[in-house]
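For reference, the structure is listed below as C-alpha cells.
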4 protein chains.
Amino acid sequence: MCRWLAYSGTPMLLDTILYKPAHSLIDQSLHSKLGVETTNGDGFGVGWYSEDNETPALLRDIGPAWNNRNLREMADHVRSPLFFAHIRASTGTAVQQSNCHPFRHGRWMFMHNGAITGFHLMRRDLTLLVDPALYADIGGTTDSEVMFFLALTFGLEQDPPTAVARMAGVVERAGRDHGVESPLQMTLAITDGESLWAFRYSSGHTSRSLFYSSRVDALRRLHPDVAFLRDISDETRLVVSEPLGDLPGAWNEVPESSYGVVQPGADELYPFTPEPASSGG
Amino acid sequence: MCRWLAYSGTPMLLDTILYKPAHSLIDQSLHSKLGVETTNGDGFGVGWYSEDNETPALLRDIGPAWNNRNLREMADHVRSPLFFAHIRASTGTAVQQSNCHPFRHGRWMFMHNGAITGFHLMRRDLTLLVDPALYADIGGTTDSEVMFFLALTFGLEQDPPTAVARMAGVVERAGRDHGVESPLQMTLAITDGESLWAFRYSSGHTSRSLFYSSRVDALRRLHPDVAFLRDISDETRLVVSEPLGDLPGAWNEVPESSYGVVQPGADELYPFTPEPASSGG
Amino acid sequence: MCRWLAYSGTPMLLDTILYKPAHSLIDQSLHSKLGVETTNGDGFGVGWYSEDNETPALLRDIGPAWNNRNLREMADHVRSPLFFAHIRASTGTAVQQSNCHPFRHGRWMFMHNGAITGFHLMRRDLTLLVDPALYADIGGTTDSEVMFFLALTFGLEQDPPTAVARMAGVVERAGRDHGVESPLQMTLAITDGESLWAFRYSSGHTSRSLFYSSRVDALRRLHPDVAFLRDISDETRLVVSEPLGDLPGAWNEVPESSYGVVQPGADELYPFTPEPASSGG
Amino acid sequence: MCRWLAYSGTPMLLDTILYKPAHSLIDQSLHSKLGVETTNGDGFGVGWYSEDNETPALLRDIGPAWNNRNLREMADHVRSPLFFAHIRASTGTAVQQSNCHPFRHGRWMFMHNGAITGFHLMRRDLTLLVDPALYADIGGTTDSEVMFFLALTFGLEQDPPTAVARMAGVVERAGRDHGVESPLQMTLAITDGESLWAFRYSSGHTSRSLFYSSRVDALRRLHPDVAFLRDISDETRLVVSEPLGDLPGAWNEVPESSYGVVQPGADELYPFTPEPASSGG
C-alpha cells in the first residue's frame with residue numbers, strides 16, 4: 001500500500017505542498033496515520049507539468065522520500081500548476097525505479113494506492129488483456145502498472161471513467177476466475193495535464209482513505225487569517241490519501257465507490273461502478 | 001551486451017578470479033577488449049554455491065562492478081567451488097536489480113551475453129510461451145530472463161541442451177514472424193550447482209566471443225613455474241567472454257555454434273543447433 | 001539514532017538471528033519499540049568474521065534493511081561465529097555507505113547507537129584530536145565514526161575500556177567547551193573478532209536501551225522445549241538494542257553507565273565512567 | 001579525473017547541451033577522448049539556476065550519467081541560463097552523493113577536474129586551514145571539496161581569482177611539505193549565478209584539457225546554416241573539458257596557467273599564478 005497526493009491550481013513550488021504541511025507526504029513516508037502501513041519507504045515518485053514540454057517530468061527513486069536529497073532540491077526549485085507525488089510501501093514486488101509511481105504514457109500520468117489481491121495468480125491473464133501494441137512498454141512488475149495499461153487499452157485517453165470501470169471489471173472477473181473474493185482495492189489519480197480524475201473503490205467496499213480539499217473561496221471565508229489561502233486561486237484543489245493538516249473544514253472524504261473530476265470550471269463527483277466483464281472475455 | 005565468467009573447480013576465493021587477473025572481469029567492466037561495448041557499467045551480479053544452502057547466493061547491484069564496495073568485500077571473504085559473475089551493458093532495458101544476471105530458479109543459475117534483436121516486437125509472443133505456472137515469477141524486463149524462462153518451460157532442469165535448443169528455435173521463429181533476419185545472439189552459462197553448460201550461438205553465425213581454459217594438467221606442464229596452477233585441481237575450469245590474461249596455451253575459443261559441458265569426469269564439447277519451431281506453434 | 005545487534009557463539013546462519021525472531025532487527029527497522037525513532041531506514045550494515053580472512057566482511061547499503069535483497073541473500077548463505085548488524089536512523093548526516101555502521105579498522109569493528117549533541121559545533125575540535133596518521137582514513141561524516149577514530153587514537157586496540165573512557169572524556173570536554181550540557185549518548189559494540197565489548201552510557205544518565213541475553217545453560221533449564229537453545233553452545237551471547245522476542249528470562253538490561261565483555265571463559269560486567277579530560281588538552 | 005561543462009547564455013533546455021551534441025558530456029561519460037580515463041562513471045551532478053530561487057538546484061547521483069533516468073527527465077524539462085554539469089571518475093575516494101560535483105555554498109557553485117597528488121598525506125593539513133566556521137559543512141571526502149572550502153576561506157565570494165590563487169598556493173606548499181613535487185592538477189569552474197570563472201592550471205604545467213566556445217557572432221558568420229547559432233544570444237558561452245563536436249572554429253583551448261571570466265559585457269582571459277604560501281603559515 002502507499003500514500004499519494006495530487007495538486008491542481010495556482011503554480012506552486014513543490015516544497016509548499018510536499019514538505020511544509022504539518023502532516024506532509026514526506027511526514028507520511030515515516031508516520032502515516034491512515035495507511036495500512038505506517039512506513040512508506042520503498043521508493044517514491046513525483047511527476048509535474050512544466051512550460052517547456054507537454055509531457056510531464058518524472059523524478060523517481062528507490063530509497064525513502066524522507067532522506068532523498070534530489071527530491072529536496074527539486075521541491076525547492078520546481079514550480080508547477082499540476083503535479084503528482086507518491087510514496088510506496090511495496091506489497092511484495094521489487095523495489096526498483098520502474099515500479100515507482102507515477103507511471104506515464106505520453107502526456108498522461110497515473111498513480112495508485114491499493115493492490116490486486118492474488119495478483120500473482122492472475123498476472124498472466126491480466127497482462128494478456130493489454131493491447132499487444134502497448135505490451136512491450138510495460139516497464140515494471142507491479143499490479144498498479146498493469147491496471148494502468150489495462151485502462152489505456154480500454155480507452156483511458158478518450159474517456160477515463162469508462163476505461164477505469166472496464167479495467168476494474170476485468171480485474172474483478174480475474175478474481176472470480178481464480179477464486180479471489182475481493183480482488184480490487186484502489187484509490188487512483190489520473191491526469192492528462194489539464195483535468196484530474198480521482199477514484200476510490202474496492203471490491204469489498206472497504207476502500208483506502210481518500211480526501212479532497214474544500215473550495216478555496218469557502219475556506220478563505222472560514223480562515224481569513226491563513227495567508228496561504230490568499231495566494232491560491234479559487235480553482236486550486238488537492239486530492240490526498242490523508243489530510244496534510246487539521247485546518248477545520250479543509251478536508252472532505254471522497255465517498256466510497258465514487259470518483260471526482262478536477263477541471264477548469266466546476267469540479268464534479270460521481271458514483272463509480274466497475275463495468276462487469278463476462279468470464280471468457 | 002555484456003561480459004561474463006563461470007568458474008568450476010577447487011574452492012577458490014572470488015578475489016583470485018574476479019580481481020587478481022591482469023584482464024579480470026572487473027577490468028573488463030571498464031575496458032573490454034572483445035565486447036561490443038568497451039564499458040560494461042550497467043549493473044553486475046555474482047552467484048555462488050556454498051555449503052550451507054543448495055540454492056546459490058546472489059549479489060547483484062545496479063551500479064558498475066568496478067567501484068562496488070560490497071562486491072569487493074564478498075570477493076575477499078567468499079570461497080566457492082562454483083560461481084558465476086556477470087557485468088552488464090544494457091541494450092536498452094532498465095538498469096535495475098531484477099535485470100541483473102545471473103538469474104536463478106531453485107538451484108539453477110543462468111546468465112547471458114547477447115540480445116534478441118527486435119525483442120520489443122516479439123516480447124509478448126515469447127512471454128506467452130512461458131509456462132503459465134512460471135509466468136508470474138518473471139521479475140524483470142530483459143530478453144535474457146525471458147530466454148531463461150523459456151528454457152525452464154522446455155525442460156531445462158531435465159535436459160539443458162535440448163531445452164536451450166528449443167528456446168533458440170522459438171526465438172528464431174518469432175524473428176521470422178516479425179521479419180527479423182538474425183534474431184538471436186547468445187553466449188550462455190547454465191548450472192545446477194554440479195555441472196556447467198556453456199553455449200555459443202547466433203542466428204547469423206557471428207557469435208560473441210567465448211573461451212574456455214585448457215586442461216590444468218597440460219597447463220601445469222607448460223608453465224611449471226606458475227604457482228596458481230599448482231593450487232588447483234585437474235578438474236578446475238573457467239569459461240569466459242574474454243581471456244583473463246595472456247598465459248600462452250591457457251585459452252581456447254569455444255567454436256561457433258557449439259556447447260560444452262563442464263562436469264565431474266571428462267568435459268565435453270558438442271555442436272549446437274536450435275530445434276526449429278513451426279510457425280503458429 | 002539507530003538499533004543494533006551483536007552475536008557471539010556457535011557459528012550461526014545470519015538469517016536465524018537477523019530475520020527469524022518475532023521482533024528481529026529487520027522488524028525493528030520498520031517498527032522499533034524502544035528506539036527514539038520507530039523507523040530505522042537510513043541505511044544498514046552487517047559485518048562478520050569468516051574462516052578465510054581475519055578481517056571481517058562488511059555488507060553496507062544506503063537503503064532500508066527491510067527491502068534489501070542482497071542482505072536477504074547473505075543472511076541465507078553466511079554462517080559466522082561473531083557478527084554485528086546495524087540499522088540506521090540518521091540524526092542529520094548524509095545517508096551514504098561511508099556513514100553506515102559497522103566501521104572497521106583492520107580486524108576491529110565498531111558500531112554505535114546514539115549521538116553527540118552539538119556535533120556540528122565540535123566536529124572540528126574532535127577531529128583534530130584524531131591521530132594524524134589515522135586522520136586521512138576517516139571515510140564519512142558521522143559523529144559515530146569520529147568516536148571510533150578517537151577510541152583508536154586512545155589505544156582501542158590495546159585496551160578498549162580505557163580507550164572508550166578517554167574518548168567519552170574528550171567528547172564531554174568538547175561539550176563543556178561549546179556549552180552543550182549532556183553531549184554524549186551512546187551504546188557501543190566493539191570487537192576484535194574474539195572478544196566483544198558493549199558499552200551503555202550517556203552524559204545525562206538517560207542512556208538508550210541495551211540488553212544482553214541470559215546464560216544459555218540457565219535458559220535451557222527454563223525452556224527445555226525450545227529447540228534453538230539446544231543447538232547453541234553455553235558460550236553463545238547476544239547484545240541487542242532491544243529484545244528480539246519475549247521469551248521469559250531471556251533478556252537482561254545492561255545497567256546504566258556500565259560495560260560488558262563477552263569472551264572465551266566467563267563474561268564480565270563493569271561500571272563505566274568517562275576519563276575526564278582537562279580543557280585545553 | 002573527470003569531465004565537466006559550464007553553460008552561460010540564452011536560457012536553454014539542458015537536453016540541448018547535455019545530450020544532443022555528437023560528443024556530448026553524456027557520450028564522454030562512456031567514451032572520453034581527451035580525459036585521463038575513457039570512462040567517467042563514478043557519479044555525476046548537474047546544477048542550474050532557475051527563476052524561483054537564487055540558490056542553484058543540484059541533481060547528483062552515484063551511478064553513471066549515461067543510464068540515469070532522472071537526469072534524462074530533468075534534461076527534457078529544465079531550461080536555465082546558467083548551468084554546470086560534471087561526470088566523475090573517482091581517483092580513489094568513495095562514490096557517494098556528497099563527493100559528486102558541483103559543490104554548492106549559498107548561491108555559489110564549484111566543480112573540478114584533476115586531483116591533488118598525495119592528498120591522503122596532506123588531507124589533515126589542508127582541512128585544518130579551512131575556516132573553522134565552515135569546517136563542519138564539509139560533506140564529503142574529496143580533494144575537490146577541500147579545494148572549494150579553502151577558496152571560500154580565502155574570500156571566494158569577494159574575489160574568486162585571488163581566492164583560487166591563495167588556495168593553489170597552500171596546496172603547493174602542502175605538497176612541498178610532504179615531498180610531493182607537482183601536487184596540483186586542476187581545471188575549475190566557479191559561478192555565483194551571474195559570472196563564470198574557469199581556471200586551467202597544474203603545478204607541472206601539464207594541465208588537463210579545457211576549451212571555450214568562440215564568440216557566437218563570429219561563429220554565425222562562419223556557419224550561417226547552423227540553426228542552433230541563430231537561436232542563441234551573442235553572450236552565450238560554453239566552457240568544456242573537451243569539445244562537444246567538430247564544428248570548425250567553434251572551440252579554443254584555454255591557455256596553460258590562465259583563467260577566463262564569462263560575464264555580462266566582454267569576457268576576459270588572464271594568466272593564472274598561485275599565490276605562494278610560506279611554510280608554517
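We name chains A, B, ... following the order of the C-alpha cells; residues begin at 1 in each chain, and ligands are numbered from 1 as shown.
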
Residues of chain D within 7 Å of chain B, counting only C-alpha atoms, as a PyMOL selection string | chain D and resi 30+39+63

Out of segment 163-193 of chain C, which residues get alpha helix (DSSP H) from DSSP, as a ChimeraX atom specification?
-> /C:163-177

Residues within 12 Å of Val180 of chain A, only C-alpha atoms, excluding chain neighbours under 3 positions, as a ChimeraX atom specification = /A:116-122,171-177,183-184,203-204

DSSP-assigned strand (DSSP E or B) members of segment 31-165 of chain D, reported as number ranges by chain | D: 44-50, 53-61, 79-88, 103-105, 108-116

Shell of 7 Å around Ala115 of chain A, only C-alpha atoms, local chain residues under 2 positions omitted, as an MDAnalysis selection string | chainID A and resid 1 113 117 143 184:186
